[in-house]
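**Q** One structure follows; several queries about it will come next.
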Amino acid sequence: MARLKERIAVVTGSSSGIGQGIAARFAQEGARVVINYIGDADGADQTLDTIRKAGGEGVICKADVTKMDDTRKLIDVAWQTWGGCDVLVNNAGMEKEADFWEVTEADYDKVLGVNLRGPFFLTQYFVQKLLAAGKPGRVINISSVHEDMAFPGLSTYCASKGGIRMLMRNLAVELGPKNITFNNIAPGAISTPMNASLLNNKAELDALLENVPLGRMGTVEDVAGLAVFLASDEAAYVTGSTYVIDGGLMRSYHEQ
């Protein structure tokens, strides 16, 4: 039985990687999906093609989550196309590596804009639409193990993910009475285009995998399966939690 039948979902950054996997899996489980991209139109088309081949429904929306008008457009597309929106997956994200003392204002603004400001205001508009319609909803943030775990050289990324952790917890309490749930998925090392340089560097990859008790990189499918659970009726009583999906990395990690 399709676990997300009749659900309508927006998945940001769904032209590649984790977002693409979640969008495809949601559709397989019966959801209708707004596919979001900013630069990779071909990837968005690929996501839509995968959805349609599985017998699902999707629509593509180009939108920059750092721009207020674009965030509204993402949610409005769902309402205009299918008459509502039940699930928001804040997946779009980025990182900029630099020593803390060399981080530029522009890079700070970019990383925090995509990873924290974007989800904040996109979620706000999603919630406003739900409250006006008197409907329940689900928000799933794709966070990172670095909402808890330090990562020298990625101070902006860690700050943004720590912020999304507390935002999730706060909104779970504030909007629980409105039957809107908030949860984070915190992936560790996942095989995605964002990690291409790591995957192509055997020495670095081997060193990382020594810290992963399960001995492998995670897959997009690993994350997508958890997202389906959180969007489904099975997670109706789940809110305010971070679900770590890292093969045991956080419990085992140590600097070489």
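Residues in the structure tokens are numbered from 1 in each chain, the chains being A, B, ... in the order shown, and ligands are numbered from 1 in the order shown.
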Write out as a list in words the residues lying within 7 Å of Ala92 (chain A), counting only C-alpha atoms and excluding same-chain residues fewer than 3 positions away.

**A**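 Result of the neighbour search: Thr12, Gly13 and Val114 of chain A.
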
**Q** Please provide as a short mmCIF file (atom, residue, chain, number, x, y, z; two decimals) with N, CA and C atoms, in the first residue's frame all residues within 10 Å of Lys5 (chain A), with the sequence filter that same-chain residues fewer than 5 positions apart are discarded (counting only C-alpha atoms).

**A**
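Done, and the output landed in out_34.cif:
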```
data_model
loop_
_atom_site.label_atom_id
_atom_site.label_comp_id
_atom_site.auth_asym_id
_atom_site.auth_seq_id
_atom_site.Cartn_x
_atom_site.Cartn_y
_atom_site.Cartn_z
N PHE A 26 9.07 9.55 -2.79
CA PHE A 26 7.75 10.06 -2.41
C PHE A 26 6.73 9.72 -3.48
N ALA A 27 7.11 9.94 -4.74
CA ALA A 27 6.18 9.67 -5.84
C ALA A 27 5.85 8.18 -5.91
N GLN A 28 6.85 7.34 -5.70
CA GLN A 28 6.61 5.89 -5.70
C GLN A 28 5.63 5.49 -4.61
N GLU A 29 5.62 6.26 -3.53
CA GLU A 29 4.72 5.98 -2.40
C GLU A 29 3.38 6.70 -2.52
N GLY A 30 3.14 7.33 -3.70
CA GLY A 30 1.82 7.90 -3.97
C GLY A 30 1.70 9.40 -3.87
N ALA A 31 2.77 10.09 -3.48
CA ALA A 31 2.70 11.55 -3.33
C ALA A 31 2.82 12.24 -4.68
N ARG A 32 2.25 13.42 -4.77
CA ARG A 32 2.48 14.32 -5.90
C ARG A 32 3.53 15.32 -5.45
N SER A 232 4.82 9.99 6.53
CA SER A 232 3.68 9.07 6.52
C SER A 232 2.88 9.11 7.81
#
```

**Q** Step one, run DSSP on the backbone; step two, keep only residues of region 118-236 of chain A assigned to strand (DSSP E or B); then write them as a list in words.

**A** Gly137, Arg138, Val139, Ile140, Asn141, Ile142, Leu154, Ile180, Thr181, Phe182, Asn183, Asn184, Ile185, Ala186, Pro187, Ile190 and Gly218 of chain A

**Q** Tell me which protein, DNA and RNA residues are within 8 Å of region 57-64 of chain A, counting only C-alpha atoms, leaving out same-chain ones fewer than 6 positions away, and put them as a list of chain:residue names.

**A** A:Ala27, A:Ala31, A:Arg32, A:Val33, A:Val34, A:Ile35, A:Asn36, A:Tyr37, A:Ile38, A:Ala44, A:Asp45, A:Leu48, A:Ile51, A:Asp70, A:Thr71, A:Lys73, A:Leu74, A:Val77

**Q** Would you please extract all helix (DSSP H, G or I) residues from region 17-254 of chain A, as assigned by DSSP on the backbone, and give them as a PyMOL selection string?

**A** chain A and resi 17-28+41-53+68-82+100-102+105-133+145-147+155-178+193-199+202-209+220-231+233-235+249-252

**Q** If you measure from CA of Asp246 (chain A) to CA of Glu221 (chain A), what distance in Å do you get, rounded to one decimal?

**A** 12.9 Å

**Q** Might you pull out every residue within 8 Å of Leu154 (chain A), with only C-alpha atoms counted and same-chain residues fewer than 3 positions away left off, and present them as a list in words?

**A**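 These residues fall inside the cut-off: Glu95, Lys96, Glu97, Ala98, Asp99, Phe100, Phe151, Tyr157 and Cys158 of chain A.
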
**Q** Write out as a PyMOL selection string the residues lying within 9 Å of Val87 (chain A), counting only C-alpha atoms and excluding same-chain residues fewer than 2 positions away.

**A** chain A and resi 7-11+85+89+126+137-140+231

**Q** How about saving the chosen residues, C-alpha atoms kept, as a tab-separated table (two decimals), in the first residue's frame?

**A**
```
chain	number	residue	atom	x	y	z
A	7	ARG	CA	-0.01	13.64	-0.06
A	8	ILE	CA	1.32	16.72	-1.85
A	9	ALA	CA	4.98	17.54	-1.20
A	10	VAL	CA	7.52	20.22	-2.01
A	11	VAL	CA	11.12	19.00	-2.04
A	85	CYS	CA	0.52	21.09	0.16
A	89	VAL	CA	11.19	18.89	2.69
A	126	PHE	CA	4.14	26.88	4.16
A	137	GLY	CA	1.30	19.40	7.86
A	138	ARG	CA	4.78	17.91	8.02
A	139	VAL	CA	8.14	19.66	7.77
A	140	ILE	CA	11.28	17.56	7.27
A	231	ALA	CA	5.99	12.04	5.95
```

**Q** Closest to Gly113 (chain A) among A:Asn141, A:Asn91, A:Gln128, A:Ser160, using only C-alpha atoms?

**A**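 Selected residue with least distance to Gly113 (chain A): A:Ser160.
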
**Q** Can you tell me, as a JSON list (two decimals) with C-alpha atoms, in the first residue's frame, what residues are no more than 9 Å from Thr47 (chain A) when counting only C-alpha atoms, ignoring any on the same chain fewer than 2 positions away?

**A**
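And here's out.json as it stands now:
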```json
[["chain", "number", "residue", "atom", "x", "y", "z"],
["A", 14, "SER", "CA", 15.44, 17.90, -5.87],
["A", 15, "SER", "CA", 17.37, 17.95, -9.15],
["A", 16, "SER", "CA", 20.17, 15.78, -7.73],
["A", 20, "GLN", "CA", 16.20, 13.82, -6.08],
["A", 21, "GLY", "CA", 16.04, 10.50, -4.27],
["A", 23, "ALA", "CA", 11.25, 13.22, -4.60],
["A", 24, "ALA", "CA", 11.35, 9.96, -6.56],
["A", 35, "ILE", "CA", 10.48, 19.33, -7.95],
["A", 42, "ASP", "CA", 18.48, 18.69, -16.75],
["A", 43, "GLY", "CA", 18.55, 17.12, -13.30],
["A", 44, "ALA", "CA", 15.04, 18.38, -12.58],
["A", 45, "ASP", "CA", 13.84, 16.90, -15.87],
["A", 49, "ASP", "CA", 10.99, 11.56, -15.85],
["A", 50, "THR", "CA", 11.73, 9.07, -13.05],
["A", 51, "ILE", "CA", 8.49, 10.04, -11.31],
["A", 52, "ARG", "CA", 6.40, 9.70, -14.45],
["A", 58, "GLY", "CA", 5.26, 15.89, -10.52]]
```

**Q** Rounded to one decimal place, report the CA of Ala235 (chain A)-CA of Val173 (chain A) distance in Å.

**A** 16.2 Å
